[in-house]
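Novice: The structure under discussion is supplied below as structure tokens; questions concerning it will follow.
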Amino acid sequence: MADLLGQLESLAMGAREASASAADERALEELRVRFLGKKGELSAVLRGMGALPAGERPRVGEVANRVRDQVEALLAARKASLAGAALEAELSGPALDVTLPGRHLAPRGGRHPVTQVREAIVGVFQRLGYEVTDGPEIELDWYNFEALNIPADHPARDMQDTFYVDEATLGPGEQKGDVVLRTHTSPVQIRAMLRAGKPPIRVICPGRVYRSDYDMTHSPMFHQVEGLCVDEGITFADLKGTLAAFARAFFGPGTRTRFRPSYFPFVEPGAEVDVSCTICGGTGKKDGKRCGTCKETGWLEVLGAGMVHPRLLANVGYDPARHTGFAFGMGVERMAMLRFGIDDLRLFFENDLRFLEQF
Ligand code: PHE
């Protein structure tokens, strides 16, 4: 018995020394296994109890229990003091540097400048009470030309040479030349009037259009916004007031407008509309030098407009004696170039991030 009690005593001493020098939680776990585990030192001592006379066993059992409790307490105390020291070290170490730059997030997308400008244009007219509408980009010749008073042999077709859809993709009953990629958003005038059935109509129609052009200021695909207002008693004065209000809202409060007589087959009278130059304020001079943006004229051409031709109203079954209206159309890329000071329209379609990230 004295032998076993001696073993228990030295086990307790060994555990005290070992736990005092354990460096971390893993070392403590190893000690727990070594002293208290199934194959550990305490179990080995207890196995020796079998050889003792029955009367001596309770005494040894009692001491063994006490030693086990002691070792458990030693390990727990060491674990607590290691944790305390770790916290102390962290608190007395260098503080968190909140001035470090943040971590980079994935680059964020943005709206294309053409989209931004289209939304700005449409937004102005929505606030004036216009409803947004649209029509197909693959359009019937009838809507794109005929119904707009541009018959097949009309010279105005030359200004808007386009892409014709070939036989393979035509629908039943359609012939070569019947289906085109629309050259302007004006066919939506016809569609909107037919859709509404009768005036009043106030619609704004943004969309893609196509022409066989390609240079600094033209691309085979570009965007327009068409406006149409038809009701009783609509006059040219309403057109002027509306576009002047638009120009001030889009280009700034000091912007002036000028109407020059012009010809579009679907309006009468027709006009080209200029705004005072956004760069030189209409003076033609910038810092004492010639303003390149308006070529010293002080004016920038921004859109086409006019009173809806009576023949269009008749084409959709309206009564031109009772109803009048105005229409206008503008190029979105052109407006974006003026707003952002961009000199080559093709930049919009190259998808170069160095360009797009500037908006
Ligand atoms: N559709 C014409 C163009 O593309 C613009 C326009 C629209 C002119 C409406 C007058 C009225 O050039």
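Convention: chains lettered A, B, ... in structure tokens order; per-chain residue numbering from 1; ligands numbered from 1 as shown.
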Neighbours of ligand 1 within 7 Å, counting only C-alpha atoms and all ligand atoms, as a PDB file with all heavy atoms, in the first residue's frame?
Specialist:
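New file pocket-v6.pdb:
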```
ATOM      1  N   THR A 183     -34.491  53.583 -89.372  1.00  0.00           N
ATOM      2  CA  THR A 183     -33.440  54.590 -89.544  1.00  0.00           C
ATOM      3  C   THR A 183     -33.601  55.746 -88.578  1.00  0.00           C
ATOM      4  O   THR A 183     -32.738  56.599 -88.472  1.00  0.00           O
ATOM      5  CB  THR A 183     -33.478  55.160 -90.966  1.00  0.00           C
ATOM      6  OG1 THR A 183     -34.792  55.701 -91.192  1.00  0.00           O
ATOM      7  CG2 THR A 183     -33.192  54.075 -91.994  1.00  0.00           C
ATOM      8  N   HIS A 184     -34.738  55.791 -87.917  1.00  0.00           N
ATOM      9  CA  HIS A 184     -35.022  56.844 -86.929  1.00  0.00           C
ATOM     10  C   HIS A 184     -36.141  56.333 -86.019  1.00  0.00           C
ATOM     11  O   HIS A 184     -36.706  55.258 -86.265  1.00  0.00           O
ATOM     12  CB  HIS A 184     -35.393  58.172 -87.595  1.00  0.00           C
ATOM     13  CG  HIS A 184     -36.471  58.085 -88.659  1.00  0.00           C
ATOM     14  ND1 HIS A 184     -36.942  59.165 -89.348  1.00  0.00           N
ATOM     15  CD2 HIS A 184     -37.169  57.018 -89.132  1.00  0.00           C
ATOM     16  CE1 HIS A 184     -37.874  58.781 -90.203  1.00  0.00           C
ATOM     17  NE2 HIS A 184     -38.032  57.500 -90.104  1.00  0.00           N
ATOM     18  N   THR A 185     -36.418  57.080 -84.932  1.00  0.00           N
ATOM     19  CA  THR A 185     -37.502  56.656 -84.048  1.00  0.00           C
ATOM     20  C   THR A 185     -38.852  57.203 -84.512  1.00  0.00           C
ATOM     21  O   THR A 185     -39.879  56.913 -83.889  1.00  0.00           O
ATOM     22  CB  THR A 185     -37.220  57.098 -82.589  1.00  0.00           C
ATOM     23  OG1 THR A 185     -36.696  58.438 -82.603  1.00  0.00           O
ATOM     24  CG2 THR A 185     -36.215  56.168 -81.924  1.00  0.00           C
ATOM     25  N   SER A 186     -38.872  57.956 -85.624  1.00  0.00           N
ATOM     26  CA  SER A 186     -40.143  58.544 -86.085  1.00  0.00           C
ATOM     27  C   SER A 186     -41.248  57.517 -86.375  1.00  0.00           C
ATOM     28  O   SER A 186     -42.427  57.858 -86.208  1.00  0.00           O
ATOM     29  CB  SER A 186     -39.887  59.443 -87.295  1.00  0.00           C
ATOM     30  OG  SER A 186     -39.065  60.527 -86.914  1.00  0.00           O
ATOM     31  N   GLU A 226     -37.536  60.268 -79.601  1.00  0.00           N
ATOM     32  CA  GLU A 226     -38.593  60.900 -80.382  1.00  0.00           C
ATOM     33  C   GLU A 226     -39.651  61.433 -79.427  1.00  0.00           C
ATOM     34  O   GLU A 226     -39.954  60.778 -78.423  1.00  0.00           O
ATOM     35  CB  GLU A 226     -39.228  59.835 -81.290  1.00  0.00           C
ATOM     36  CG  GLU A 226     -40.161  60.363 -82.341  1.00  0.00           C
ATOM     37  CD  GLU A 226     -39.394  60.779 -83.603  1.00  0.00           C
ATOM     38  OE1 GLU A 226     -38.184  60.475 -83.708  1.00  0.00           O
ATOM     39  OE2 GLU A 226     -40.029  61.422 -84.475  1.00  0.00           O
ATOM     40  N   PHE A 264     -38.259  68.101 -93.291  1.00  0.00           N
ATOM     41  CA  PHE A 264     -38.442  66.663 -93.039  1.00  0.00           C
ATOM     42  C   PHE A 264     -39.811  66.333 -93.625  1.00  0.00           C
ATOM     43  O   PHE A 264     -40.768  67.071 -93.360  1.00  0.00           O
ATOM     44  CB  PHE A 264     -38.446  66.357 -91.537  1.00  0.00           C
ATOM     45  CG  PHE A 264     -37.182  66.749 -90.818  1.00  0.00           C
ATOM     46  CD1 PHE A 264     -37.105  67.976 -90.146  1.00  0.00           C
ATOM     47  CD2 PHE A 264     -36.073  65.916 -90.784  1.00  0.00           C
ATOM     48  CE1 PHE A 264     -35.949  68.349 -89.482  1.00  0.00           C
ATOM     49  CE2 PHE A 264     -34.915  66.274 -90.113  1.00  0.00           C
ATOM     50  CZ  PHE A 264     -34.847  67.501 -89.470  1.00  0.00           C
ATOM     51  N   PHE A 266     -42.129  64.464 -92.895  1.00  0.00           N
ATOM     52  CA  PHE A 266     -43.237  64.152 -91.982  1.00  0.00           C
ATOM     53  C   PHE A 266     -43.669  65.321 -91.105  1.00  0.00           C
ATOM     54  O   PHE A 266     -44.502  65.163 -90.216  1.00  0.00           O
ATOM     55  CB  PHE A 266     -42.882  62.935 -91.113  1.00  0.00           C
ATOM     56  CG  PHE A 266     -41.413  62.847 -90.757  1.00  0.00           C
ATOM     57  CD1 PHE A 266     -40.941  63.372 -89.559  1.00  0.00           C
ATOM     58  CD2 PHE A 266     -40.516  62.258 -91.638  1.00  0.00           C
ATOM     59  CE1 PHE A 266     -39.597  63.297 -89.242  1.00  0.00           C
ATOM     60  CE2 PHE A 266     -39.161  62.183 -91.318  1.00  0.00           C
ATOM     61  CZ  PHE A 266     -38.704  62.712 -90.132  1.00  0.00           C
ATOM     62  N   VAL A 267     -43.083  66.504 -91.317  1.00  0.00           N
ATOM     63  CA  VAL A 267     -43.536  67.699 -90.578  1.00  0.00           C
ATOM     64  C   VAL A 267     -43.736  68.853 -91.545  1.00  0.00           C
ATOM     65  O   VAL A 267     -43.114  68.913 -92.612  1.00  0.00           O
ATOM     66  CB  VAL A 267     -42.530  68.116 -89.479  1.00  0.00           C
ATOM     67  CG1 VAL A 267     -42.565  67.142 -88.311  1.00  0.00           C
ATOM     68  CG2 VAL A 267     -41.130  68.260 -90.035  1.00  0.00           C
ATOM     69  N   GLY A 270     -41.179  72.515 -90.854  1.00  0.00           N
ATOM     70  CA  GLY A 270     -40.153  71.771 -90.135  1.00  0.00           C
ATOM     71  C   GLY A 270     -39.019  72.704 -89.718  1.00  0.00           C
ATOM     72  O   GLY A 270     -38.821  73.764 -90.309  1.00  0.00           O
ATOM     73  N   LEU A 303     -31.396  69.156 -82.589  1.00  0.00           N
ATOM     74  CA  LEU A 303     -32.495  68.250 -82.959  1.00  0.00           C
ATOM     75  C   LEU A 303     -33.307  68.743 -84.146  1.00  0.00           C
ATOM     76  O   LEU A 303     -33.169  69.885 -84.585  1.00  0.00           O
ATOM     77  CB  LEU A 303     -33.403  67.965 -81.757  1.00  0.00           C
ATOM     78  CG  LEU A 303     -33.964  69.107 -80.926  1.00  0.00           C
ATOM     79  CD1 LEU A 303     -35.255  69.643 -81.529  1.00  0.00           C
ATOM     80  CD2 LEU A 303     -34.242  68.612 -79.520  1.00  0.00           C
ATOM     81  N   GLY A 304     -34.141  67.830 -84.652  1.00  0.00           N
ATOM     82  CA  GLY A 304     -35.089  68.148 -85.714  1.00  0.00           C
ATOM     83  C   GLY A 304     -36.491  68.157 -85.132  1.00  0.00           C
ATOM     84  O   GLY A 304     -36.793  67.382 -84.217  1.00  0.00           O
ATOM     85  N   ALA A 305     -37.347  69.029 -85.679  1.00  0.00           N
ATOM     86  CA  ALA A 305     -38.692  69.140 -85.114  1.00  0.00           C
ATOM     87  C   ALA A 305     -39.642  69.753 -86.137  1.00  0.00           C
ATOM     88  O   ALA A 305     -39.216  70.192 -87.207  1.00  0.00           O
ATOM     89  CB  ALA A 305     -38.657  70.010 -83.854  1.00  0.00           C
ATOM     90  N   GLY A 306     -40.912  69.777 -85.782  1.00  0.00           N
ATOM     91  CA  GLY A 306     -41.885  70.435 -86.656  1.00  0.00           C
ATOM     92  C   GLY A 306     -43.298  70.055 -86.277  1.00  0.00           C
ATOM     93  O   GLY A 306     -43.527  69.277 -85.350  1.00  0.00           O
ATOM     94  N   ALA A 327     -43.816  67.207 -83.395  1.00  0.00           N
ATOM     95  CA  ALA A 327     -42.929  66.072 -83.164  1.00  0.00           C
ATOM     96  C   ALA A 327     -41.496  66.575 -83.178  1.00  0.00           C
ATOM     97  O   ALA A 327     -41.203  67.618 -83.772  1.00  0.00           O
ATOM     98  CB  ALA A 327     -43.120  64.999 -84.233  1.00  0.00           C
ATOM     99  N   PHE A 328     -40.644  65.849 -82.506  1.00  0.00           N
ATOM    100  CA  PHE A 328     -39.220  66.194 -82.541  1.00  0.00           C
ATOM    101  C   PHE A 328     -38.410  64.925 -82.358  1.00  0.00           C
ATOM    102  O   PHE A 328     -38.927  63.918 -81.862  1.00  0.00           O
ATOM    103  CB  PHE A 328     -38.865  67.221 -81.455  1.00  0.00           C
ATOM    104  CG  PHE A 328     -39.255  66.781 -80.074  1.00  0.00           C
ATOM    105  CD1 PHE A 328     -38.412  65.993 -79.306  1.00  0.00           C
ATOM    106  CD2 PHE A 328     -40.490  67.156 -79.534  1.00  0.00           C
ATOM    107  CE1 PHE A 328     -38.780  65.576 -78.041  1.00  0.00           C
ATOM    108  CE2 PHE A 328     -40.868  66.728 -78.258  1.00  0.00           C
ATOM    109  CZ  PHE A 328     -40.016  65.949 -77.509  1.00  0.00           C
ATOM    110  N   GLY A 329     -37.154  64.975 -82.821  1.00  0.00           N
ATOM    111  CA  GLY A 329     -36.293  63.810 -82.655  1.00  0.00           C
ATOM    112  C   GLY A 329     -34.867  64.272 -82.430  1.00  0.00           C
ATOM    113  O   GLY A 329     -34.411  65.238 -83.051  1.00  0.00           O
ATOM    114  N   MET A 330     -34.172  63.596 -81.518  1.00  0.00           N
ATOM    115  CA  MET A 330     -32.771  63.991 -81.258  1.00  0.00           C
ATOM    116  C   MET A 330     -31.899  62.753 -81.085  1.00  0.00           C
ATOM    117  O   MET A 330     -32.393  61.675 -80.727  1.00  0.00           O
ATOM    118  CB  MET A 330     -32.689  64.876 -80.013  1.00  0.00           C
ATOM    119  CG  MET A 330     -33.046  64.177 -78.727  1.00  0.00           C
ATOM    120  SD  MET A 330     -33.085  65.333 -77.337  1.00  0.00           S
ATOM    121  CE  MET A 330     -34.830  65.750 -77.290  1.00  0.00           C
TER     122      MET A 330
END
```
Novice: Name the residues in contact with A:Tyr210 at a cut-off of 10 Å, using only C-alpha atoms, excluding same-chain residues fewer than 4 positions from it; report them as an NGL selection string.
Specialist: :A and (137-138 or 160-163 or 180-185 or 219-223)
Novice: When DSSP works through the backbone of this structure, what residues of stretch 184-238 of chain A end up as strand (DSSP E or B), shown as a list in words?
Specialist: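 Of stretch 184-238 of chain A, the ones in strand (DSSP E or B) are Ile201, Arg202, Val203, Ile204, Cys205, Pro206, Gly207, Arg208, Val209, Tyr210, Asp215, His218, Met221, Phe222, His223, Gln224, Val225, Glu226, Gly227, Leu228, Cys229, Val230, Asp231 and Glu232 of chain A.
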Novice: Take the residues that were just selected and, keeping C-alpha atoms, output them as a PDB file, in the first residue's frame.
Specialist:
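Resulting contents of selection17.pdb:
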```pdb
ATOM      1  CA  ILE A 201     -51.196  61.924 -77.106  1.00  0.00           C
ATOM      2  CA  ARG A 202     -47.993  62.914 -75.387  1.00  0.00           C
ATOM      3  CA  VAL A 203     -45.282  60.280 -75.778  1.00  0.00           C
ATOM      4  CA  ILE A 204     -41.508  60.129 -75.531  1.00  0.00           C
ATOM      5  CA  CYS A 205     -39.828  57.223 -77.335  1.00  0.00           C
ATOM      6  CA  PRO A 206     -36.161  56.351 -76.767  1.00  0.00           C
ATOM      7  CA  GLY A 207     -34.549  53.624 -78.823  1.00  0.00           C
ATOM      8  CA  ARG A 208     -31.872  52.242 -81.142  1.00  0.00           C
ATOM      9  CA  VAL A 209     -31.722  53.197 -84.814  1.00  0.00           C
ATOM     10  CA  TYR A 210     -29.511  52.157 -87.745  1.00  0.00           C
ATOM     11  CA  ASP A 215     -17.180  58.377 -88.998  1.00  0.00           C
ATOM     12  CA  HIS A 218     -21.819  58.702 -87.042  1.00  0.00           C
ATOM     13  CA  MET A 221     -26.129  51.926 -84.727  1.00  0.00           C
ATOM     14  CA  PHE A 222     -27.013  54.851 -82.506  1.00  0.00           C
ATOM     15  CA  HIS A 223     -29.811  56.087 -80.277  1.00  0.00           C
ATOM     16  CA  GLN A 224     -32.571  58.634 -80.714  1.00  0.00           C
ATOM     17  CA  VAL A 225     -35.370  60.014 -78.594  1.00  0.00           C
ATOM     18  CA  GLU A 226     -38.593  60.900 -80.382  1.00  0.00           C
ATOM     19  CA  GLY A 227     -41.305  63.112 -78.941  1.00  0.00           C
ATOM     20  CA  LEU A 228     -44.889  63.458 -80.126  1.00  0.00           C
ATOM     21  CA  CYS A 229     -47.733  65.630 -78.893  1.00  0.00           C
ATOM     22  CA  VAL A 230     -51.132  65.619 -80.654  1.00  0.00           C
ATOM     23  CA  ASP A 231     -54.305  67.282 -79.433  1.00  0.00           C
ATOM     24  CA  GLU A 232     -56.798  70.011 -80.328  1.00  0.00           C
TER      25      GLU A 232
END
```
Novice: Any idea what the distance is between atom CA of A:Arg256 and atom CA of A:Thr324?
Specialist: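 Straight-line distance from atom CA of A:Arg256 to atom CA of A:Thr324 works out to 25.8 Å.
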Novice: Among stretch 222-336 of chain A, which ones does DSSP assign to helix (DSSP H, G or I) (computed from the backbone)? Answer as a VMD selection string.
Specialist: chain A and resid 236 to 251 310 to 315 332 to 336
Novice: Which is closest to A:Ile150 among A:Arg26, A:His309, A:His112, A:Arg334, if we use only C-alpha atoms?
Specialist: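 Answer, going by the shortest atom-to-atom distance: A:His309.
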Novice: Which residue gives the smallest distance to A:Val117 among A:Leu91, A:Leu345, A:Leu105, A:Val332, with only C-alpha atoms counted?
Specialist: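 Smallest separation from A:Val117 among the options: A:Val332.
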Novice: Contacts of A:Ala244 at 12 Å or less, counting only C-alpha atoms, minus same-chain residues fewer than 5 places along, as a ChimeraX atom specification?
Specialist: /A:124-125,237-239,249-259,273-276,302-303
Novice: For atom CA of A:Lys79 and atom CA of A:Glu17, determine how far apart the two atoms are, in Å to one decimal place.
Specialist: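 Going from atom CA of A:Lys79 over to atom CA of A:Glu17 covers 14.3 Å.
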Novice: Please build the interface table for stretch 77-152 of chain A against stretch 188-194 of chain A with a cut-off of 9 Å, listing for each qualifying residue the nearest atom pair and the distance in Å to one decimal; count only C-alpha atoms, order rows by chain and increasing number, and write it as a Markdown table.
Specialist:
```
| residue | atom | partner | partner_atom | distance |
| --- | --- | --- | --- | --- |
| A:Thr133 | CA | A:Ala192 | CA | 7.6 |
| A:Asp134 | CA | A:Val188 | CA | 6.3 |
| A:Gly135 | CA | A:Val188 | CA | 5.5 |
| A:Pro136 | CA | A:Val188 | CA | 8.4 |
| A:Tyr143 | CA | A:Ile190 | CA | 6.6 |
| A:Asn144 | CA | A:Val188 | CA | 8.5 |
| A:Ala147 | CA | A:Ile190 | CA | 7.1 |
| A:Leu148 | CA | A:Ile190 | CA | 7.6 |
```
Novice: With a distance cut-off of 9 Å and only C-alpha atoms, select the neighbouring residues of stretch 2-5 of chain A, excluding the residue or stretch itself and same-chain residues fewer than 4 positions from it, and output the selection as a list of chain:residue names.
Specialist: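 Residues near the query, excluding close chain neighbours: A:Glu9, A:Ser10, A:Val45, A:Leu46, A:Gly48, A:Met49, A:Val60, A:Val63, A:Ala64.
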